[in-house]
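K.L.:
The structure's right below; bear with me while I get my questions together.
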Amino acid sequence: MISERFKELRKHNLTGFVPYLVANYPNKDIFDEALAALSNMGADLIEIGIPFTDPIAEGKTIESAHHASLKNGFNLTNFLNQIKNFKNRFDTHIVAMGYANSFLNPSIEEVSQKSREAGFDGFLIVDMPYEETDTFKLIKGRDLEFIQLVAPTSTQENIERGLSNNPSLIYYITQRGVTGANNLDLTEVQNNLKDLQKITNVPIITGFGIKSSEHIKAFKDYTDGIVIGSALIECLANSNPIKSMKDFLAPILEELKNE
Amino acid sequence: MISERFKELRKHNLTGFVPYLVANYPNKDIFDEALAALSNMGADLIEIGIPFTDPIAEGKTIESAHHASLKNGFNLTNFLNQIKNFKNRFDTHIVAMGYANSFLNPSIEEVSQKSREAGFDGFLIVDMPYEETDTFKLIKGRDLEFIQLVAPTSTQENIERGLSNNPSLIYYITQRGVTGANNLDLTEVQNNLKDLQKITNVPIITGFGIKSSEHIKAFKDYTDGIVIGSALIECLANSNPIKSMKDFLAPILEELKNE
Amino acid sequence: MNKGYYGKFGGIFIPETLSFALRELDTLYQDIKNDTTFNNELQDIYIHYVGRPSPLYFAEKYTENIGGPKIWFKREDLNHTGAHKINNTVGQALLAKKLGKKRIIAETGAGQHGVATATICAKLGLECVIYMGETDIQRQELNVFKINTLGAKVVPVSSGTATLKDALNESIRDWVTNVENTHYIIGSVTGPHPYPEIVRDFNSISGKELKDQSIERFEKLPDMVIACVGGGSNAMGVFAPFVDDLNVELVGIEAGGVSDSDIGSASINDGSIGVLHGAKTMILQNNSGEILETSSISAGLDYPGVGPEHAYLADIDRAKYKKVFDSQALDAFYKVSRLEGIIPALETAHAIAYLEELSDINKDKNVVVNMSGRGDKDLYSVMSL
Amino acid sequence: MNKGYYGKFGGIFIPETLSFALRELDTLYQDIKNDTTFNNELQDIYIHYVGRPSPLYFAEKYTENIGGPKIWFKREDLNHTGAHKINNTVGQALLAKKLGKKRIIAETGAGQHGVATATICAKLGLECVIYMGETDIQRQELNVFKINTLGAKVVPVSSGTATLKDALNESIRDWVTNVENTHYIIGSVTGPHPYPEIVRDFNSISGKELKDQSIERFEKLPDMVIACVGGGSNAMGVFAPFVDDLNVELVGIEAGGVSDSDIGSASINDGSIGVLHGAKTMILQNNSGEILETSSISAGLDYPGVGPEHAYLADIDRAKYKKVFDSQALDAFYKVSRLEGIIPALETAHAIAYLEELSDINKDKNVVVNMSGRGDKDLYSVMSL
Ligand SMILES: Cc1ncc(COP(=O)(O)O)c(C=O)c1O
Ligand SMILES: Cc1ncc(COP(=O)(O)O)c(C=O)c1O
C-alpha cells in the first residue's frame with residue numbers, strides 16, 4: 001500500500017521519489033520505457049496523468065502532453081492493459097492522476113474496479129473536492145487509495161474536512177499556479193509543510209515546479225516525497241528522451257539520497 | 001419686358017420658344033456661341049441656369065452641367081460681364097434661373113442690381129417660395145421681372161398667393177419630378193394648363209421633360225411658351241455641340257411655328 | 001414674421017412641386033401634435049420599443065477627473081438602434097401613416113438615420129428607401145447591411161461629393177417625383193418648415209425627461225446642457241424645454257475638423273447665412289454661395305448646414321456654439337470609454353470633449369452632456385485611424 | 001444533498017488552490033445578497049447605467065404572422081452593451097469590490113461577456129484581463145477593439161481549439177495563480193458553486209421585471225417563457241422567478257448546429273452527465289469523457305456544457321429543452337428584423353425560431369421570448385455567410 005510505503009520512508013527519515021508521467025506521452029513505447037526506467041531508478045510512487053481535453057490545473061508543458069497523447073489516440077481500456085503488463089513486471093506503486101470527468105465515464109465504480117484490476121494503487125483526482133465523500137468511499141470500496149491535495153491557500157478547516165475522508169497521502173502544492181510554474185518561495189513552503197505536519201500524521205508529498213537539486217535540498221527535510229512533473233515531461237520531448245530523463249534525474253536522485 | 005413679349009405672342013396666338021442653358025456649359029466659348037445661335041433662331045426668352053453645387057430640382061443631365069460649369073471655375077461677376085457683351089449684340093430676353101443661395105450672396109439687392117446692369121431681364125429662383133414677398137419686391141425694385149413656378153401639385157390657394165406677388169410669367173411644371181424626367185401625361189398637362197388660364201391672365205410657359213415635336217404639338221395651343229432644357233443640354237455634350245443643338249431644334253421650331 | 005421662421009432663419013425654400021406636401025404635413029402636424037390618441041401611440045412606442053425614458057447617469061469618475069462641476073450623461077445611447085435619431089423617425093413614421101403615405105424615403109450619411117428609419121418602417125410595415133452617398137456606402141458597409149436586413153432598400157448616390165449632402169439632394173428629387181404617396185423623413189432639425197419644428201418636437205422627449213430627472217436627482221435644473229450639433233436634432237431636443245429657463249446655459253458643440261486652418265463642419269462658428277436644403281440658415285459656403293466640402297472625423301456632424309433654430313439661438317445669444325477638433329473628440333472617445341465604460345459615438349465625443357474646458361466651474365454645479373449615441377458604429381473607423 | 005447541487009448536478013469540482021476563494025465568495029454572497037446597501041448600489045447601476053428595467057414589447061406583426069398566441073419580447077437587447085450579460089458582470093464586479101479584489105479576469109467567446117466585464121471594470125476602476133481564444137480573436141476583432149478601448153487587456157489563448165472552452169481553462173489557470181487579489185467573473189450559470197447561483201440571481205432581475213410587467217400588461221403570468229441556452233444565464237434569469245409557478249411553461253432553446261448529423265452545442269439534448277469547468281452537468285463528450293468540439297452559427301451558444309440548474313430542470317421535467325438548427329436561427333434573424341425592426345443576436349434568434357412551432361397555441365395565450373441581445377455583434381458574420 002502507498003500509505004505503508006511512505007510511513008516506512010518517514011520512519012527511516014527518507015524522502016520518497018515521485019515522478020509524474022502523462023499516459024503514453026510522448027508515445028506508447030517511450031512511455032513504457034520511461035515507466036520501467038523510473039521503476040528501476042527506485043521510484044517510490046509514480047503518478048500517471050490520465051490525459052484530458054481540458055486539464056485546468058496544468059501549465060503549458062503538461063497540458064500539451066495531455067493533448068498530444070489524446071491526439072495519438074489514447075484510450076483508457078487499452079491503457080489499463082498496458083498497466084497490467086507493467087505491473088506483471090514491477091511492483092512499483094502507481095496512481096492515476098487526472099480530472100473528474102475521466103473517472104466518471106461510464107461511472108466511478110467501473111473505472112475504479114478496472115483500474116484496480118489493472119494494478120493501479122490509487123487515484124489523485126485534481127478537481128474532486130473533499131465534499132464528494134461518496135466518491136472517495138466508492139474508490140476505497142474498490143480497494144484503491146486516494147491522495148488529498150492541499151494548497152497554500154487551503155484553510156485549516158478545509159484540510160481537516162479533507163482528512164476526514166481518510167486519504168492515504170497528502171500532496172502539498174508548493175505554489176499558487178499551475179504545474180510547472182516558477183514562483184517557488186522556499187521558506188513559505190517549508191513553513192507550510194511544518195504547519196501541515198502539526199495537523200496530521202498522514203504522509204506528505206510535495207510538488208509543483210520542483211526541478212533542481214536546490215529545491216530538493218530545501219524541501220526534503222520537510223516532506224515524505226518529492227514530485228517531479230513538468231521538468232520530467234520536458235525531458236521526454238527531447239530527441240533522446242530516456243537518456244535525457246536519466247541525465248536530468250541523476251543529480252536530483254543523488255540529492256534525495258544524500259542524507 | 002418679358003411680360004410684354006409674351007402678351008404680344010398671346011395676342012397673335014403664337015407660342016414662344018424658351019431654351020434653357022447652363023451658364024458656361026459645356027465651356028465659356030460654346031456657351032457664348034449657343035446663346036448667340038439661340039437668339040438668332042428667334043428665342044423669345046432664354047433661361048440661363050446659374051450653376052449651384054446642390055441643384056435639388058434638376059435631373060442628372062442638368063445637375064452634371066451645373067457641376068461641370070463650377071468645376072470649370074464659374075464665377076458670377078465674370079459671367080455678368082459676359083452677359084453684358086451678349087446684350088450689347090442681342091436684345092433677346094434672358095432670365096437667370098437658379099437656386100436661392102446663388103442669389104443671396106452677398107445679398108439679393110446686390111445680385112439683383114448687378115444682374116440688371118449686366119442686362120438680365122428677370123429671375124426664376126426655383127426654391128424661392130411665394131411667402132418671400134420681400135424678396136420679390138426687392139427684385140422688382142431693381143427693375144427685374146420674376147417668374148412664378150406652378151406645379152401639378154400646386155393648390156389653387158398657393159397659385160393665388162403666388163400671383164399676388166405679381167409675377168411677369170408663370171412657369172408651369174409639366175410633371176412631378178426633376179428636370180428631364182420622362183413621365184409626361186399629355187392630357188393632364190393640357191387640362192391643368194386650361195385650368196390655370198381660368199385663374200389668371202399672366203402668360204404661361206411650360207417646361208420639364210419636353211423634347212419632341214409631339215410634345216410641342218400637344219401643348220402649344222395651351223401655353224404661351226415652351227421650355228426646352230435637358231434635351232438641349234444633352235446636345236451640348238456632343239462632339240459638335242452647336243450643330244447638334246441646331247439639328248435637334250429644327251423640327252421643334254418648325255412645329256412651334258406651324259400654326 | 002413668416003411662418004416657419006426663427007428670427008431671420010428658417011423658411012420653406014423648396015421647389016413648388018413640394019409645396020403642397022409641406023403645407024399638408026404642417027396642417028396635419030399642428031392638428032395632431034396635441035391629439036391624445038396620437039400621443040398615446042407615440043408614447044407606447046417610446047416606452048416599449050425605443051426603451052424610453054433614457055436614464056440620467058451621474059459620471060462619477062469623469063467628475064473626479066475634471067475636478068469641476070458634477071457631470072451627468074443623458075443616455076440616448078441606450079435607445080433602440082443606439083442614438084437619439086429614433087425619437088424622430090418613430091414620430092414621423094406615425095405621422096406618415098396618418099397622412100396615408102405608405103412609402104418612406106430618407107437620406108443618411110453615417111447610416112444612423114437610415115437604420116432608425118428602416119427600423120420603424122419595418123415595425124409599421126411601410127416601404128422604405130434610403131439614399132446614401134456611394135462614398136458613405138463604402139465606409140459604412142455595416143449600416144448598409146443593417147438597413148437591408150431590416151428590409152429597406154439603399155439607393156447609392158454618386159453625384160457631387162457622393163456623401164450626405166448629395167444623398168439629401170437625391171432624396172428631395174425622389175420626393176419631388178413621388179410626393180403624393182411618399183413621406184420624406186428628414187433626419188435632423190434642418191430642411192424647410194415644418195421639419196425643423198417637427199424634428200425638434202419629437203426629439204424634445206429627451207429634454208423633457210431631463211427636466212424631470214434633474215429635479216428628481218439633484219433638485220434643480222441643470223446649470224449647463226451640452227450637446228453636439230450636426231444638423232442639430234439631438235441638441236434641439238435637449239435644449240428646447242430649457243430655452244425659457246434663462247439660467248440654464250445651453251452649449252452646442254460643432255465639429256471643427258482637423259484644425260482651424262482646414263474646413264471642418266462648424267456652420268455657426270465658421271459659416272455665413274444662406275439657403276441650403278430648404279431653409280435659410282448658417283452654412284459653409286464660398287463667396288459665390290457654392291456649398292463647401294466639409295470634413296469631420298464623425299460622419300454624423302459632417303454637414304455644411306445647421307438647423308435654423310440653432311442659427312437663431314446663436315444670433316440672439318441664448319445658446320453658445322463652440323468648436324471641437326477631431327483630435328480632441330478622439331481623446332474624449334477614449335477617455336469616457338476608460339473612465340465610465342461607455343463607448344460614445346464620435347459625434348457625442350465632441351460634446352464630451354468640451355468638458356475639459358469646465359474645470360473652473362464650481363463643484364456644486366450640474367452639467368449635463370447629451371450622450372446622443374453609442375460608438376459601435378464608429379469602431380471600425382477608429383480602429384483604422 | 002451537498003452544497004451547490006441541483007439534484008444530481010452542480011458541485012464544486014475545482015483544484016484545491018481555488019477552494020478558499022469559492023468558499024469566501026459563497027460566504028460573502030450569502031451575507032450580502034439581502035444587504036440593503038449592496039442592493040441599492042446594484043439597483044442604482046441597473047437603473048442609471050444599464051438602463052433597466054428593460055421593456056416588455058408586444059410583437060404585433062410577429063403575432064399576426066405566426067397566427068397563434070400573443071408574442072412578447074423581453075428587451076434585454078436594449079441594455080448597455082447590448083445583451084443580458086451586463087446584469088451579471090455588474091453584480092459580480094460589485095461583489096469583487098466587497099471582497100477587496102482589485103483585479104478582474106473573465107473568459108469570452110464572442111466577446112460579449114468580455115465587453116460587459118471590461119465595461120463595468122472601467123466604471124468601477126478595476127484592472128481587467130480578458131482571456132479569449134485566438135480563433136475567436138480573429139473572428140471577433142470588433143469586440144477585441146472594444147475591450148481594449150475600455151482599457152482592458154485581451155490575452156490570446158492558443159491551446160486546444162483556441163475558442164471559448166480554452167479561454168475558460170486559461171482563466172481558471174490565471175485564477176489559480178492570482179487567486180488572492182483576483183476575482184474571476186464567470187459569464188454564465190456554469191462553473192463551480194456558488195457561480196451558478198450568483199449568476200442566476202443577478203440575471204433574474206429580468207425575470208422579476210417580467211413577472212411584474214406581465215401582470216401590468218396582460219393581467220396574468222405568461223403562459224410560456226422561451227430563452228436560448230448556451231451556458232444558460234439569460235434563460236435562468238427569466239426562468240428563475242417562474243420555477244414555482246407550475247402553469248408557466250419554460251422552454252430553453254439549445255443550438256443544434258448545422259444538422260442532426262453533426263455535433264452542435266445542445267448539451268442537454270445530445271449530451272450526457274459529466275464534469276466540466278467545475279460543475280457536474282450535461283456535457284458533450286465522447287465515450288472516454290473527452291470534451292467534444294462543438295459548433296453553432298452563434299458563438300455565444302457554442303459551448304459543450306450547460307449550467308447545472310438547467311440540467312436539473314430538464315431532469316425533473318420542469319423545463320423543456322429544444323434544439324434549433326443554424327438555418328432556422330438565421331431565418332428567424334431576418335424575419336424578426338423585417339417584421340419588427342429589431343435585429344437580434346444570433347443566440348436570441350434561436351429562441352425566436354422556436355415560435356414557428358407555436359401556431360397551434362390559443363390566441364389568448366401569452367408567450368414571452370427573452371430577447372437576450374442585439375445583433376450588432378453578428379452583422380459581419382451574417383454578412384459573410
Ligand atoms: C450619435 C449621433 N449624434 C449626433 C448626430 C448629429 O445629428 P444631430 O446634430 O441632428 O443631432 C448624429 C448623426 O448621425 C449621431 O448619429
Ligand atoms: C445575446 C446572447 N444571448 C445568449 C447568450 C448565451 O449565454 P447564456 O446561455 O449564458 O445566456 C450570449 C452569450 O454570449 C449572448 O451574447
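So you can find residues: chains in the C-alpha cells are A, B, ... in the order shown, residues in each start at 1, and ligands are numbered from 1 in order.
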Let me see if you get this right: every residue at most 7 Å from ligand 1, counting only C-alpha atoms and all ligand atoms, written as an NGL selection string.

P.N.:
:C and (83-85 or 109-110 or 112-113 or 187-189 or 228-235 or 299-301 or 345 or 347-348 or 372-374)

K.L.:
As an MDAnalysis selection string, please: the residues near Thr15 of chain A (cut-off 10 Å, only C-alpha atoms, same-chain neighbours under 5 positions excluded).

P.N.:
chainID A and resid 6 9:10 44 204:205 216 219:226 256:259

K.L.:
Contacts of segment 55-57 of chain A at 8 Å or less, counting only C-alpha atoms, minus same-chain residues fewer than 6 places along, as JSON, numbers by chain?

P.N.:
{"A": [63, 66, 98, 99, 126, 177, 178, 179], "D": [15, 169, 170, 172, 173, 176, 277]}

K.L.:
When the cut-off is 8 Å and we count only C-alpha atoms, which residues of chain C are near chain D, given as number ranges by chain?

P.N.:
C: 47-49, 51, 54-58, 61, 78-80, 118-125, 142, 145-146, 149-151, 334, 337-343, 379-380, 383

K.L.:
Using only C-alpha atoms, which residues sit within 8 Å of segment 72-74 of chain A once same-chain residues fewer than 2 positions away are excluded, as a PyMOL selection string?

P.N.:
chain A and resi 23-24+27+51+68-70+76+79

K.L.:
With N, CA and C atoms retained, could you export that selection as a PDB file, in the first residue's frame?

P.N.:
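Full text of out03.pdb as output:
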```
ATOM      1  N   ALA A  23       0.187   9.572 -19.394  1.00  0.00           N
ATOM      2  CA  ALA A  23      -0.039   8.279 -20.036  1.00  0.00           C
ATOM      3  C   ALA A  23       0.236   8.351 -21.536  1.00  0.00           C
ATOM      4  N   ASN A  24       1.157   7.453 -21.949  1.00  0.00           N
ATOM      5  CA  ASN A  24       1.511   7.315 -23.366  1.00  0.00           C
ATOM      6  C   ASN A  24       2.092   8.560 -24.014  1.00  0.00           C
ATOM      7  N   ASN A  27       4.880   8.844 -26.603  1.00  0.00           N
ATOM      8  CA  ASN A  27       4.139   7.812 -27.324  1.00  0.00           C
ATOM      9  C   ASN A  27       4.166   6.564 -26.461  1.00  0.00           C
ATOM     10  N   PRO A  51      -4.795  11.558 -19.644  1.00  0.00           N
ATOM     11  CA  PRO A  51      -4.970  12.741 -20.497  1.00  0.00           C
ATOM     12  C   PRO A  51      -6.433  13.170 -20.603  1.00  0.00           C
ATOM     13  N   ALA A  68      -1.303  15.906 -26.709  1.00  0.00           N
ATOM     14  CA  ALA A  68      -0.548  15.064 -27.632  1.00  0.00           C
ATOM     15  C   ALA A  68      -0.978  13.604 -27.472  1.00  0.00           C
ATOM     16  N   SER A  69      -1.134  13.187 -26.249  1.00  0.00           N
ATOM     17  CA  SER A  69      -1.499  11.794 -26.011  1.00  0.00           C
ATOM     18  C   SER A  69      -2.900  11.496 -26.556  1.00  0.00           C
ATOM     19  N   LEU A  70      -3.814  12.438 -26.357  1.00  0.00           N
ATOM     20  CA  LEU A  70      -5.166  12.250 -26.905  1.00  0.00           C
ATOM     21  C   LEU A  70      -5.120  12.176 -28.423  1.00  0.00           C
ATOM     22  N   LEU A  76      -8.508   4.600 -22.518  1.00  0.00           N
ATOM     23  CA  LEU A  76      -8.283   4.114 -21.154  1.00  0.00           C
ATOM     24  C   LEU A  76      -8.267   2.589 -21.081  1.00  0.00           C
ATOM     25  N   PHE A  79      -5.147   1.282 -22.312  1.00  0.00           N
ATOM     26  CA  PHE A  79      -4.076   1.704 -21.434  1.00  0.00           C
ATOM     27  C   PHE A  79      -4.028   0.827 -20.176  1.00  0.00           C
TER      28      PHE A  79
END
```
